[in-house]
file start-v4.cif (mmCIF, C-alpha atoms and all ligand atoms)
data_coords
loop_
_atom_site.label_atom_id
_atom_site.label_comp_id
_atom_site.auth_asym_id
_atom_site.auth_seq_id
_atom_site.Cartn_x
_atom_site.Cartn_y
_atom_site.Cartn_z
CA MET A 1 -102.42 113.90 25.33
CA SER A 2 -105.67 114.44 27.31
CA ASN A 3 -108.42 111.81 27.18
CA ALA A 4 -110.66 114.14 25.17
CA LEU A 5 -107.89 114.78 22.69
CA SER A 6 -106.99 111.13 22.36
CA ARG A 7 -110.68 110.32 21.75
CA ARG A 8 -110.77 113.04 19.11
CA ALA A 9 -107.68 111.50 17.50
CA ALA A 10 -109.36 108.08 17.58
CA LEU A 11 -112.50 109.49 15.94
CA GLN A 12 -110.35 111.19 13.32
CA ALA A 13 -108.66 107.88 12.63
CA LEU A 14 -112.07 106.32 12.12
CA GLY A 15 -112.85 109.06 9.61
CA ILE A 16 -115.88 110.35 11.47
CA MET A 17 -114.60 113.77 12.54
CA GLY A 18 -114.98 116.67 10.21
CA GLY A 19 -116.92 119.83 9.63
CA SER A 20 -120.46 118.41 9.69
CA GLY A 21 -122.96 119.11 12.49
CA LEU A 22 -123.24 115.39 13.17
CA LEU A 23 -119.54 115.00 13.79
CA ALA A 24 -119.31 118.19 15.77
CA ARG A 25 -122.14 116.89 18.01
CA ILE A 26 -120.30 113.64 18.66
CA ALA A 27 -117.11 115.52 19.44
CA GLY A 28 -119.04 117.89 21.72
CA ALA A 29 -120.42 114.96 23.68
CA GLN A 30 -116.92 113.55 23.99
CA GLU A 31 -115.57 116.72 25.45
CA ALA A 32 -118.49 117.94 27.54
CA ARG A 33 -118.32 114.95 29.89
CA GLY A 34 -121.40 116.20 31.76
CA LYS A 35 -124.51 114.13 32.42
CA ILE A 36 -126.37 113.74 29.13
CA LYS A 37 -129.75 115.41 29.28
CA LEU A 38 -132.48 113.46 27.52
CA ARG A 39 -135.96 114.94 27.46
CA PRO A 40 -138.43 112.28 28.58
CA VAL A 41 -141.05 110.93 26.21
CA GLN A 42 -144.54 111.25 27.66
CA VAL A 43 -145.77 107.67 27.58
CA SER A 44 -149.42 107.10 28.43
CA ARG A 45 -152.39 105.34 26.89
CA SER A 46 -154.10 108.69 26.27
CA ARG A 47 -151.24 109.68 23.93
CA VAL A 48 -151.50 106.51 21.77
CA VAL A 49 -152.50 107.38 18.20
CA ARG A 50 -152.48 103.82 16.82
CA THR A 51 -150.69 100.45 16.90
CA ILE A 52 -149.61 99.00 13.55
CA VAL A 53 -148.59 95.43 12.74
CA GLY A 54 -146.27 93.90 10.14
CA LEU A 55 -144.77 90.51 9.31
CA ARG A 56 -140.99 90.58 8.84
CA PRO A 57 -140.00 88.17 6.00
CA PHE A 58 -137.36 86.13 7.83
CA ARG A 59 -135.13 83.31 6.52
CA ALA A 60 -132.72 81.58 8.89
CA SER A 61 -130.07 81.36 6.15
CA GLY A 62 -130.45 85.03 5.10
CA TYR A 63 -131.84 86.93 2.12
CA VAL A 64 -132.19 85.46 -1.37
CA VAL A 65 -130.60 86.93 -4.49
CA ARG A 66 -130.48 84.35 -7.28
CA SER A 67 -131.74 83.75 -10.82
CA GLU A 68 -133.76 80.91 -12.27
CA ARG A 69 -135.42 80.14 -15.60
CA LEU A 70 -139.19 79.89 -15.53
CA GLY A 71 -140.40 78.91 -19.02
CA GLU A 72 -139.45 81.80 -21.33
CA LYS A 73 -138.61 84.14 -18.46
CA THR A 74 -135.65 84.73 -16.19
CA VAL A 75 -136.73 85.34 -12.60
CA VAL A 76 -134.25 87.10 -10.31
CA HIS A 77 -135.33 86.47 -6.73
CA HIS A 78 -134.66 89.31 -4.30
CA TYR A 79 -136.44 88.93 -0.96
CA GLY A 80 -136.23 87.66 2.61
CA HIS A 81 -134.78 90.70 4.41
CA GLY A 82 -136.31 89.96 7.84
CA GLY A 83 -136.21 92.92 10.20
CA CYS A 84 -133.97 95.11 8.03
CA GLY A 85 -135.34 95.27 4.50
CA VAL A 86 -135.30 99.04 4.40
CA THR A 87 -131.75 99.09 5.80
CA LEU A 88 -130.31 96.65 3.26
CA SER A 89 -132.47 97.52 0.24
CA TRP A 90 -129.97 99.50 -1.84
CA GLY A 91 -127.18 97.03 -1.06
CA THR A 92 -128.87 93.79 -2.07
CA ALA A 93 -130.55 95.63 -4.99
CA GLU A 94 -127.09 96.13 -6.51
CA LEU A 95 -126.65 92.35 -6.51
CA ALA A 96 -130.09 91.71 -8.03
CA VAL A 97 -129.55 94.35 -10.71
CA ALA A 98 -126.19 92.81 -11.64
CA GLU A 99 -128.09 89.53 -12.25
CA VAL A 100 -130.60 91.33 -14.50
CA ALA A 101 -127.81 93.07 -16.41
CA SER A 102 -125.99 89.78 -16.96
CA ALA A 103 -129.19 88.41 -18.55
CA GLY A 104 -128.79 91.23 -21.12
CA ALA A 105 -132.31 92.60 -20.57
CA ARG A 106 -133.35 96.11 -21.71
CA ALA A 107 -136.60 95.96 -19.74
CA ALA A 108 -137.55 94.23 -16.51
CA ALA A 109 -140.66 93.73 -14.41
CA VAL A 110 -140.22 94.35 -10.70
CA LEU A 111 -142.75 92.48 -8.56
CA GLY A 112 -143.33 94.44 -5.38
CA CYS A 113 -143.42 98.08 -4.41
CA GLY A 114 -141.92 97.98 -0.91
CA ALA A 115 -138.47 99.33 -0.03
CA VAL A 116 -136.75 96.39 -1.78
CA GLY A 117 -138.74 96.63 -5.03
CA LEU A 118 -138.36 100.41 -5.20
CA ALA A 119 -134.57 100.39 -4.71
CA THR A 120 -134.32 97.64 -7.33
CA ALA A 121 -136.43 99.56 -9.84
CA ARG A 122 -134.39 102.74 -9.38
CA LEU A 123 -131.05 100.94 -9.78
CA LEU A 124 -132.34 99.24 -12.94
CA GLN A 125 -133.30 102.64 -14.33
CA ARG A 126 -129.86 104.02 -13.50
CA ARG A 127 -128.38 101.20 -15.57
CA GLY A 128 -130.64 102.19 -18.48
CA ILE A 129 -133.00 99.23 -17.99
CA GLU A 130 -136.71 100.03 -18.18
CA ALA A 131 -138.33 99.03 -14.86
CA THR A 132 -142.10 98.52 -14.57
CA ILE A 133 -143.36 97.78 -11.05
CA TYR A 134 -146.24 95.33 -10.58
CA ALA A 135 -147.59 95.04 -7.04
CA ARG A 136 -150.66 94.02 -5.08
CA GLU A 137 -150.14 96.84 -2.56
CA LEU A 138 -148.46 100.20 -3.01
CA PRO A 139 -147.26 102.64 -0.35
CA PRO A 140 -148.73 103.54 2.11
CA ASN A 141 -150.08 99.97 2.36
CA THR A 142 -146.92 97.81 2.21
CA LEU A 143 -144.98 96.22 5.05
CA SER A 144 -142.23 98.75 4.35
CA ASP A 145 -144.63 101.48 5.50
CA VAL A 146 -144.81 99.75 8.89
CA ALA A 147 -141.02 99.69 9.39
CA GLY A 148 -139.51 101.96 12.05
CA ALA A 149 -137.28 102.52 10.10
CA ARG A 150 -133.84 102.78 11.56
CA TRP A 151 -130.76 101.85 9.58
CA TYR A 152 -129.57 98.74 11.39
CA PRO A 153 -128.75 95.40 9.70
CA PHE A 154 -130.10 92.96 12.27
CA ASP A 155 -132.79 90.30 12.68
CA LEU A 156 -131.96 88.96 9.24
CA PHE A 157 -130.53 85.47 9.81
CA ASP A 158 -130.07 82.83 12.45
CA SER A 159 -126.38 82.77 13.39
CA LYS A 160 -126.57 79.01 14.06
CA VAL A 161 -127.63 78.31 10.48
CA VAL A 162 -126.22 81.09 8.29
CA SER A 163 -123.08 80.58 6.15
CA PRO A 164 -119.98 82.76 6.68
CA GLU A 165 -120.34 83.90 3.03
CA MET A 166 -123.85 85.19 3.70
CA VAL A 167 -122.70 87.02 6.83
CA GLU A 168 -119.90 88.71 4.88
CA GLY A 169 -122.41 89.51 2.11
CA VAL A 170 -124.70 91.17 4.64
CA TRP A 171 -121.95 93.47 5.90
CA ARG A 172 -120.93 94.31 2.32
CA ALA A 173 -124.54 95.06 1.31
CA SER A 174 -124.94 97.08 4.52
CA ARG A 175 -122.09 99.39 3.57
CA VAL A 176 -123.39 99.91 0.03
CA ALA A 177 -126.88 100.65 1.37
CA TYR A 178 -125.59 102.94 4.11
CA ALA A 179 -123.69 105.03 1.55
CA ALA A 180 -126.80 105.23 -0.66
CA PHE A 181 -129.03 106.43 2.20
CA LYS A 182 -126.39 108.89 3.35
CA ARG A 183 -126.53 110.53 -0.08
CA MET A 184 -130.29 110.96 0.46
CA ALA A 185 -129.97 112.53 3.93
CA GLY A 186 -132.36 115.42 4.46
CA PRO A 187 -136.07 116.24 4.39
CA THR A 188 -136.68 115.35 0.70
CA TYR A 189 -136.24 111.62 1.37
CA GLY A 190 -136.97 111.76 5.11
CA VAL A 191 -133.52 110.46 6.07
CA PHE A 192 -132.24 111.96 9.32
CA PHE A 193 -129.32 111.31 11.66
CA ARG A 194 -130.27 111.02 15.31
CA PRO A 195 -128.06 110.74 18.40
CA THR A 196 -128.79 107.35 19.93
CA TYR A 197 -128.50 106.03 23.48
CA MET A 198 -128.69 102.37 24.51
CA PHE A 199 -129.15 101.42 28.15
CA GLN A 200 -129.37 97.97 29.72
CA ASN A 201 -128.15 95.98 32.69
CA SER A 202 -127.23 92.69 31.02
CA PRO A 203 -124.03 92.41 28.96
CA LEU A 204 -124.35 92.61 25.17
CA PRO A 205 -124.41 89.22 23.43
CA LYS A 206 -121.29 88.40 21.38
CA THR A 207 -123.30 88.81 18.18
CA SER A 208 -124.59 92.30 19.03
CA LEU A 209 -123.73 94.91 16.41
CA LEU A 210 -123.18 97.37 19.25
CA ASN A 211 -120.03 95.63 20.49
CA LEU A 212 -117.08 97.96 20.01
CA ASP A 213 -115.61 95.60 17.39
CA SER A 214 -118.91 95.67 15.46
CA PRO A 215 -118.59 94.53 11.82
CA VAL A 216 -120.58 97.63 10.83
CA ARG A 217 -118.92 100.06 13.21
CA ASP A 218 -118.14 102.36 10.28
CA CYS A 219 -121.91 102.74 9.74
CA LEU A 220 -122.59 103.58 13.40
CA PRO A 221 -120.57 106.79 13.69
CA GLY A 222 -119.26 107.64 17.13
CA LEU A 223 -120.06 104.21 18.60
CA ARG A 224 -118.74 104.12 22.17
CA GLU A 225 -119.74 103.54 25.78
CA LEU A 226 -121.00 106.48 27.77
CA LEU A 227 -118.60 107.68 30.42
CA PRO A 228 -120.03 106.99 33.90
CA GLU A 229 -120.43 110.72 34.52
CA GLU A 230 -122.43 111.09 31.29
CA ASN A 231 -124.89 108.27 32.03
CA PRO A 232 -128.29 109.72 33.05
CA THR A 233 -129.66 106.30 34.13
CA PRO A 234 -128.65 103.55 36.57
CA ALA A 235 -128.03 101.17 33.60
CA LYS A 236 -124.65 99.40 33.69
CA VAL A 237 -124.24 98.79 29.95
CA THR A 238 -124.50 101.81 27.65
CA ARG A 239 -123.72 102.84 24.11
CA THR A 240 -124.04 106.00 22.10
CA PHE A 241 -123.72 106.51 18.34
CA GLU A 242 -125.55 108.23 15.48
CA THR A 243 -128.42 106.33 13.85
CA MET A 244 -129.68 107.04 10.38
CA MET A 245 -133.50 107.05 10.51
CA ILE A 246 -135.54 106.61 7.34
CA GLU A 247 -139.12 107.83 7.64
CA PRO A 248 -141.21 105.55 5.38
CA ALA A 249 -144.07 108.04 4.98
CA ILE A 250 -141.64 110.49 3.32
CA TYR A 251 -139.08 108.11 1.84
CA LEU A 252 -141.26 105.62 -0.08
CA PRO A 253 -143.33 108.27 -1.94
CA ALA A 254 -140.11 110.18 -2.75
CA VAL A 255 -138.53 107.10 -4.37
CA MET A 256 -141.79 106.40 -6.22
CA ARG A 257 -141.65 109.96 -7.58
CA ASP A 258 -138.06 109.43 -8.76
CA HIS A 259 -139.13 106.20 -10.47
CA ALA A 260 -142.01 107.98 -12.23
CA LYS A 261 -139.81 110.94 -13.23
CA ALA A 262 -137.39 108.50 -14.87
CA GLY A 263 -140.27 107.14 -16.96
CA GLY A 264 -141.17 104.16 -14.75
CA ARG A 265 -144.71 102.75 -14.65
CA VAL A 266 -146.49 101.18 -11.68
CA VAL A 267 -149.23 98.61 -12.29
CA LYS A 268 -151.43 97.46 -9.39
CA ARG A 269 -151.78 93.75 -9.87
CA GLU A 270 -151.79 90.62 -7.75
CA PHE A 271 -150.18 87.43 -9.03
CA ARG A 272 -151.85 84.31 -7.67
CA SER A 273 -149.29 81.85 -9.04
CA ALA A 274 -145.85 81.92 -10.63
CA ALA A 275 -147.47 80.65 -13.86
CA GLU A 276 -149.23 84.03 -14.25
CA LEU A 277 -145.84 85.66 -14.75
CA ALA A 278 -145.81 84.27 -18.30
CA GLU A 279 -148.44 86.95 -19.12
CA LEU A 280 -145.91 89.76 -18.53
CA LYS A 281 -144.22 91.23 -21.60
CA GLU A 282 -140.85 91.73 -19.86
CA PRO A 283 -138.32 88.90 -20.38
CA VAL A 284 -136.78 89.35 -16.90
CA ILE A 285 -138.75 89.56 -13.66
CA VAL A 286 -137.29 90.59 -10.31
CA ASN A 287 -139.20 89.01 -7.45
CA CYS A 288 -139.29 91.56 -4.60
CA THR A 289 -142.47 90.25 -3.00
CA GLY A 290 -141.09 89.91 0.54
CA MET A 291 -143.33 87.58 2.55
CA GLY A 292 -145.36 87.06 -0.65
CA ALA A 293 -142.58 84.80 -2.00
CA ALA A 294 -143.66 82.08 0.45
CA THR A 295 -146.90 81.40 -1.42
CA LEU A 296 -145.96 82.66 -4.89
CA PHE A 297 -142.73 80.65 -5.17
CA GLY A 298 -143.21 78.07 -2.38
CA ASP A 299 -140.25 79.16 -0.25
CA THR A 300 -140.83 77.13 2.91
CA GLU A 301 -137.86 78.70 4.72
CA LEU A 302 -139.62 82.07 4.84
CA VAL A 303 -141.30 82.60 8.20
CA PRO A 304 -143.05 85.70 9.46
CA ILE A 305 -141.76 87.46 12.53
CA LYS A 306 -144.68 89.56 13.65
CA GLY A 307 -143.82 93.00 14.99
CA GLN A 308 -145.85 95.99 16.01
CA LEU A 309 -145.26 99.66 16.62
CA THR A 310 -147.26 101.82 18.96
CA ILE A 311 -147.31 105.42 17.76
CA LEU A 312 -147.75 108.23 20.28
CA LYS A 313 -148.66 111.85 19.53
CA PRO A 314 -145.65 113.76 18.15
CA GLN A 315 -143.23 115.41 20.59
CA PRO A 316 -141.10 117.67 18.36
CA GLU A 317 -138.62 118.35 21.18
CA ILE A 318 -137.54 114.67 21.20
CA ASP A 319 -134.59 114.49 18.81
CA TYR A 320 -132.80 111.32 19.91
CA VAL A 321 -133.30 107.56 19.58
CA ALA A 322 -133.49 105.53 22.80
CA LEU A 323 -132.80 101.79 23.02
CA PRO A 324 -133.72 100.85 26.59
CA ASN A 325 -133.55 97.18 27.62
CA GLY A 326 -134.25 95.64 24.21
CA LEU A 327 -136.99 98.17 23.34
CA TYR A 328 -136.80 101.13 20.99
CA MET A 329 -138.12 104.68 20.74
CA PHE A 330 -137.81 106.59 17.47
CA PRO A 331 -138.86 110.24 17.10
CA ARG A 332 -140.53 110.86 13.75
CA LYS A 333 -142.39 113.72 12.15
CA ASP A 334 -145.62 111.68 12.36
CA GLY A 335 -145.23 110.68 16.01
CA ILE A 336 -143.13 108.94 18.62
CA VAL A 337 -142.64 105.29 17.67
CA LEU A 338 -142.40 102.69 20.43
CA GLY A 339 -141.43 99.13 19.56
CA GLY A 340 -139.61 95.99 20.42
CA THR A 341 -141.88 93.00 19.73
CA PHE A 342 -140.78 89.88 17.81
CA GLU A 343 -143.25 86.98 17.52
CA ARG A 344 -141.68 84.30 15.36
CA GLY A 345 -144.07 82.20 13.26
CA VAL A 346 -147.09 84.36 14.13
CA SER A 347 -148.97 85.71 11.11
CA THR A 348 -152.06 87.38 12.57
CA MET A 349 -152.42 91.03 11.64
CA GLU A 350 -154.34 92.11 14.74
CA PRO A 351 -152.34 94.09 17.30
CA ASN A 352 -151.22 91.99 20.27
CA ARG A 353 -152.83 94.04 23.06
CA ALA A 354 -150.85 92.34 25.83
CA ALA A 355 -147.59 93.20 24.02
CA GLU A 356 -148.82 96.77 23.48
CA GLU A 357 -149.48 97.13 27.21
CA ARG A 358 -146.03 95.72 28.01
CA ILE A 359 -144.34 98.14 25.58
CA LEU A 360 -146.18 101.12 27.09
CA THR A 361 -145.48 100.09 30.69
CA ARG A 362 -141.79 99.36 30.14
CA HIS A 363 -141.16 102.55 28.17
CA ALA A 364 -143.04 104.61 30.78
CA LYS A 365 -140.88 103.07 33.50
CA PHE A 366 -137.69 103.86 31.59
CA PHE A 367 -138.56 107.48 30.78
CA ALA A 368 -139.58 108.05 34.41
CA THR A 369 -135.94 107.38 35.39
CA LEU A 370 -134.61 110.27 33.25
C1 LIG B 1 -142.62 96.38 13.50
C2 LIG B 1 -141.57 96.36 12.42
C3 LIG B 1 -140.49 97.21 12.52
C4 LIG B 1 -139.52 97.19 11.53
N1 LIG B 1 -138.47 98.08 11.63
C5 LIG B 1 -137.52 98.09 10.69
C6 LIG B 1 -136.44 99.01 10.79
O1 LIG B 1 -136.36 99.77 11.75
N2 LIG B 1 -135.51 99.00 9.81
C7 LIG B 1 -135.57 98.16 8.73
O2 LIG B 1 -134.70 98.20 7.88
N3 LIG B 1 -136.60 97.28 8.62
C8 LIG B 1 -137.56 97.21 9.58
N4 LIG B 1 -138.58 96.30 9.49
C9 LIG B 1 -138.52 95.28 8.43
C10 LIG B 1 -139.01 95.82 7.11
O3 LIG B 1 -140.31 96.31 7.25
C11 LIG B 1 -138.98 94.73 6.04
O4 LIG B 1 -137.76 94.03 6.05
C12 LIG B 1 -139.14 95.37 4.66
O5 LIG B 1 -140.30 96.16 4.64
C13 LIG B 1 -139.22 94.32 3.56
O6 LIG B 1 -139.37 95.03 2.36
P1 LIG B 1 -139.89 94.33 1.04
O7 LIG B 1 -139.91 95.37 -0.01
O8 LIG B 1 -139.13 93.08 0.84
O9 LIG B 1 -141.37 93.85 1.40
P2 LIG B 1 -142.78 94.62 1.40
O10 LIG B 1 -142.67 95.99 1.91
O11 LIG B 1 -143.72 93.67 2.05
O12 LIG B 1 -143.14 94.71 -0.14
C14 LIG B 1 -143.57 93.57 -0.86
C15 LIG B 1 -144.30 94.00 -2.10
O13 LIG B 1 -144.64 92.84 -2.86
C16 LIG B 1 -146.03 92.86 -3.16
N5 LIG B 1 -146.52 91.50 -3.31
C17 LIG B 1 -146.40 90.46 -2.44
N6 LIG B 1 -146.99 89.36 -2.94
C18 LIG B 1 -147.48 89.71 -4.16
C19 LIG B 1 -148.22 89.03 -5.17
N7 LIG B 1 -148.57 87.75 -5.03
N8 LIG B 1 -148.58 89.70 -6.29
C20 LIG B 1 -148.25 91.00 -6.43
N9 LIG B 1 -147.56 91.71 -5.52
C21 LIG B 1 -147.19 91.07 -4.39
C22 LIG B 1 -146.63 93.60 -1.98
O14 LIG B 1 -147.94 94.07 -2.30
C23 LIG B 1 -145.62 94.72 -1.82
O15 LIG B 1 -145.82 95.75 -2.77
C24 LIG B 1 -139.60 96.30 10.44
C25 LIG B 1 -140.70 95.46 10.34
C26 LIG B 1 -141.68 95.48 11.31
C27 LIG B 1 -142.86 94.57 11.19
#
call {"tool": "encode", "arguments": {"input": "start-v4.cif", "output": "C-alpha cells"}}
result
Amino acid sequence: MSNALSRRAALQALGIMGGSGLLARIAGAQEARGKIKLRPVQVSRSRVVRTIVGLRPFRASGYVVRSERLGEKTVVHHYGHGGCGVTLSWGTAELAVAEVASAGARAAAVLGCGAVGLATARLLQRRGIEATIYARELPPNTLSDVAGARWYPFDLFDSKVVSPEMVEGVWRASRVAYAAFKRMAGPTYGVFFRPTYMFQNSPLPKTSLLNLDSPVRDCLPGLRELLPEENPTPAKVTRTFETMMIEPAIYLPAVMRDHAKAGGRVVKREFRSAAELAELKEPVIVNCTGMGAATLFGDTELVPIKGQLTILKPQPEIDYVALPNGLYMFPRKDGIVLGGTFERGVSTMEPNRAAEERILTRHAKFFATL
C-alpha cells in the first residue's frame, strides 16, 4: 500500500473521509505532497482597523456548573469558561439545563447574553422551558463579541490544579459543543471550516491539544504533521487540521433571533447584588454572567486573563488559519484577526499598545517568510 493510500485508510478509520469538500480537501493535501501555498497576509500599521480588548473569565479549577438555593430561588451557576467560552458553550449548557430540568421548572431566567447565556437559553427552550434573558450588555457589546472565535477548548484550567474529573468533563462538553456547532455550519450562523497551519521551532508541550494523541483529535479533523516537502516555512514543528471558526458578529445575532422566534424575551438589566435576584418572577435562575460572577456571587477564584485582537482590513483571498509561534491569524468576513496576548490578572480595558506592536511585528515577520 502506498503512503498516500495508507494515510487515506487511516483517515477513513478516523471517520473523517467522505464526500464533503472539507474531507476531499484534506485528502487532496495528503496526496498532492507539493509545497503548500499560503497567500501572505499584508501586515502593516496602515491596514489596522482597530484593536479590541476582552477579559477571559478564567478559573484554575475549570468552569462552574452547579446549583444552590438562594432564598426562594434555585440558582444554577454556569460560568468561568476562560479562553474558550464560545467553544464549550453548547456542551456545558447541556449540563446546566439538566440542573434546571431536575428542579422541575417551567420557566427560567438566564442572566447574561454572551455565548454561554444564549446557548443555555436555546437549550432550555428546546426542553420546553420558557427562557427570559436578563443582561447588562447585549451583543455586540459582550465579551463574546470580542472572541476570535475559533473552536478550540484551551486556556480553561490550570493543569496543576484541575481535577481529572473536570478534565474529562471538558473533553465530553467539547464533543457535545463541537457537534452542535457542526450542525450550524454555513453562512446563517457564521460557522466556517478553515484549513489550519501551525508552525513553530520549539516542541509542543505535553499538554498541547495539537499532539497527535490529542484528547479532542476527533474534533480537529485531519490533524497531522506536514510532510517536509509540504512545509512552506523553515519551522521544524508543524501541524495541519481543519478548524471550525465561529464569527461572533454573525453567530450571536443569529442565536438571538432563534431565541426570539421561539418566544424568548430579552430584558436589559444590571444586577448589582445577588439579593436583587429575588425580584425576578422566575423560580430558577441560570447565572451565565462570565466575569460578572466575581462581583455578583463573590467567586474569588475567577481571574481575568486580558486578551486583545488587532483587526486588519479584510483580505477575502485569505481562506486559512495560521498559528505561527504561539500567535494566531483568523480570516473573517469583517477583517483579518491577529492575536495571541494573555495577561493574567490584568483587568484594564485599554489596548496594550506595546503588545499590539509586538503582534504586528511578529506576524509581519512570519508572513514575510511565505
Ligand atoms: C482576545 C480574546 C480572544 C478569544 N478567543 C476565543 C476563541 O477563539 N474561542 C473561544 O471559544 N473563546 C475565545 N475567547 C473567550 C471567550 O470570549 C469567553 O470565554 C466567552 O465570551 C465567555 O462567554 P460568557 O457568555 O460566559 O461571557 P460574556 O460574553 O462576558 O457574557 C456575560 C453576560 O453577562 C452579563 N452580565 C455580567 N454581569 C452582570 C450583572 N451584574 N448583571 C446583569 N448582567 C450581567 C454581561 O452583560 C453579558 O451579557 C476569547 C477571549 C478574548 C478576550
call {"tool": "residues_near_ligand", "arguments": {"input": "start-v4.cif", "ligand": "ligand LIG 1 (chain B)", "cutoff": "7 Å", "atoms": "all atoms listed in the file", "output": "number ranges by chain"}}
result
A: 53-57, 79-88, 111-117, 134-138, 142-153, 269-272, 288-293, 296, 306-309, 339
call {"tool": "write_last_selection", "arguments": {"input": "start-v4.cif", "atoms": "C-alpha atoms", "output": "PDB file, in the coordinates of the input"}}
result
ATOM      1  CA  VAL A  53    -148.590  95.430  12.740  1.00  0.00           C
ATOM      2  CA  GLY A  54    -146.270  93.900  10.140  1.00  0.00           C
ATOM      3  CA  LEU A  55    -144.770  90.510   9.310  1.00  0.00           C
ATOM      4  CA  ARG A  56    -140.990  90.580   8.840  1.00  0.00           C
ATOM      5  CA  PRO A  57    -140.000  88.170   6.000  1.00  0.00           C
ATOM      6  CA  TYR A  79    -136.440  88.930  -0.960  1.00  0.00           C
ATOM      7  CA  GLY A  80    -136.230  87.660   2.610  1.00  0.00           C
ATOM      8  CA  HIS A  81    -134.780  90.700   4.410  1.00  0.00           C
ATOM      9  CA  GLY A  82    -136.310  89.960   7.840  1.00  0.00           C
ATOM     10  CA  GLY A  83    -136.210  92.920  10.200  1.00  0.00           C
ATOM     11  CA  CYS A  84    -133.970  95.110   8.030  1.00  0.00           C
ATOM     12  CA  GLY A  85    -135.340  95.270   4.500  1.00  0.00           C
ATOM     13  CA  VAL A  86    -135.300  99.040   4.400  1.00  0.00           C
ATOM     14  CA  THR A  87    -131.750  99.090   5.800  1.00  0.00           C
ATOM     15  CA  LEU A  88    -130.310  96.650   3.260  1.00  0.00           C
ATOM     16  CA  LEU A 111    -142.750  92.480  -8.560  1.00  0.00           C
ATOM     17  CA  GLY A 112    -143.330  94.440  -5.380  1.00  0.00           C
ATOM     18  CA  CYS A 113    -143.420  98.080  -4.410  1.00  0.00           C
ATOM     19  CA  GLY A 114    -141.920  97.980  -0.910  1.00  0.00           C
ATOM     20  CA  ALA A 115    -138.470  99.330  -0.030  1.00  0.00           C
ATOM     21  CA  VAL A 116    -136.750  96.390  -1.780  1.00  0.00           C
ATOM     22  CA  GLY A 117    -138.740  96.630  -5.030  1.00  0.00           C
ATOM     23  CA  TYR A 134    -146.240  95.330 -10.580  1.00  0.00           C
ATOM     24  CA  ALA A 135    -147.590  95.040  -7.040  1.00  0.00           C
ATOM     25  CA  ARG A 136    -150.660  94.020  -5.080  1.00  0.00           C
ATOM     26  CA  GLU A 137    -150.140  96.840  -2.560  1.00  0.00           C
ATOM     27  CA  LEU A 138    -148.460 100.200  -3.010  1.00  0.00           C
ATOM     28  CA  THR A 142    -146.920  97.810   2.210  1.00  0.00           C
ATOM     29  CA  LEU A 143    -144.980  96.220   5.050  1.00  0.00           C
ATOM     30  CA  SER A 144    -142.230  98.750   4.350  1.00  0.00           C
ATOM     31  CA  ASP A 145    -144.630 101.480   5.500  1.00  0.00           C
ATOM     32  CA  VAL A 146    -144.810  99.750   8.890  1.00  0.00           C
ATOM     33  CA  ALA A 147    -141.020  99.690   9.390  1.00  0.00           C
ATOM     34  CA  GLY A 148    -139.510 101.960  12.050  1.00  0.00           C
ATOM     35  CA  ALA A 149    -137.280 102.520  10.100  1.00  0.00           C
ATOM     36  CA  ARG A 150    -133.840 102.780  11.560  1.00  0.00           C
ATOM     37  CA  TRP A 151    -130.760 101.850   9.580  1.00  0.00           C
ATOM     38  CA  TYR A 152    -129.570  98.740  11.390  1.00  0.00           C
ATOM     39  CA  PRO A 153    -128.750  95.400   9.700  1.00  0.00           C
ATOM     40  CA  ARG A 269    -151.780  93.750  -9.870  1.00  0.00           C
ATOM     41  CA  GLU A 270    -151.790  90.620  -7.750  1.00  0.00           C
ATOM     42  CA  PHE A 271    -150.180  87.430  -9.030  1.00  0.00           C
ATOM     43  CA  ARG A 272    -151.850  84.310  -7.670  1.00  0.00           C
ATOM     44  CA  CYS A 288    -139.290  91.560  -4.600  1.00  0.00           C
ATOM     45  CA  THR A 289    -142.470  90.250  -3.000  1.00  0.00           C
ATOM     46  CA  GLY A 290    -141.090  89.910   0.540  1.00  0.00           C
ATOM     47  CA  MET A 291    -143.330  87.580   2.550  1.00  0.00           C
ATOM     48  CA  GLY A 292    -145.360  87.060  -0.650  1.00  0.00           C
ATOM     49  CA  ALA A 293    -142.580  84.800  -2.000  1.00  0.00           C
ATOM     50  CA  LEU A 296    -145.960  82.660  -4.890  1.00  0.00           C
ATOM     51  CA  LYS A 306    -144.680  89.560  13.650  1.00  0.00           C
ATOM     52  CA  GLY A 307    -143.820  93.000  14.990  1.00  0.00           C
ATOM     53  CA  GLN A 308    -145.850  95.990  16.010  1.00  0.00           C
ATOM     54  CA  LEU A 309    -145.260  99.660  16.620  1.00  0.00           C
ATOM     55  CA  GLY A 339    -141.430  99.130  19.560  1.00  0.00           C
TER      56      GLY A 339
END
call {"tool": "residues_around", "arguments": {"input": "start-v4.cif", "residues": "Phe367 in chain A", "least_positions_apart": "2", "cutoff": "9 Å", "atoms": "all atoms listed in the file", "output": "list in words"}}
result
Arg39, Pro40, Val41, Gln42, Val43, Arg362, His363, Ala364, Lys365, Thr369 and Leu370 of chain A
call {"tool": "atom_distance", "arguments": {"input": "start-v4.cif", "atom1": "CA of Glu99 in chain A", "atom2": "CA of Val65 in chain A"}}
result
8.6 Å
call {"tool": "atom_distance", "arguments": {"input": "start-v4.cif", "atom1": "CA of Thr243 in chain A", "atom2": "CA of Gly91 in chain A"}}
result
17.6 Å
call {"tool": "closest_residue", "arguments": {"input": "start-v4.cif", "among": "A:Val266, A:Leu220, A:Ala180, A:Met198", "to": "Lys236 in chain A", "atoms": "only C-alpha atoms"}}
result
A:Met198
call {"tool": "residues_near_point", "arguments": {"input": "start-v4.cif", "point": "(-147.4, 106.4, 2.5)", "cutoff": "9 Å", "atoms": "all atoms listed in the file", "output": "CSV table (one decimal) with C-alpha atoms, in the coordinates of the input"}}
result
chain,number,residue,atom,x,y,z
A,138,LEU,CA,-148.5,100.2,-3.0
A,139,PRO,CA,-147.3,102.6,-0.4
A,140,PRO,CA,-148.7,103.5,2.1
A,141,ASN,CA,-150.1,100.0,2.4
A,142,THR,CA,-146.9,97.8,2.2
A,145,ASP,CA,-144.6,101.5,5.5
A,248,PRO,CA,-141.2,105.6,5.4
A,249,ALA,CA,-144.1,108.0,5.0
A,250,ILE,CA,-141.6,110.5,3.3
A,251,TYR,CA,-139.1,108.1,1.8
A,252,LEU,CA,-141.3,105.6,-0.1
A,253,PRO,CA,-143.3,108.3,-1.9
call {"tool": "residues_around", "arguments": {"input": "start-v4.cif", "residues": "Ala131 in chain A", "least_positions_apart": "6", "cutoff": "12 Å", "atoms": "only C-alpha atoms", "output": "PyMOL selection string"}}
result
chain A and resi 97+100+105-113+117-125+256+259-260+262-267+281-286
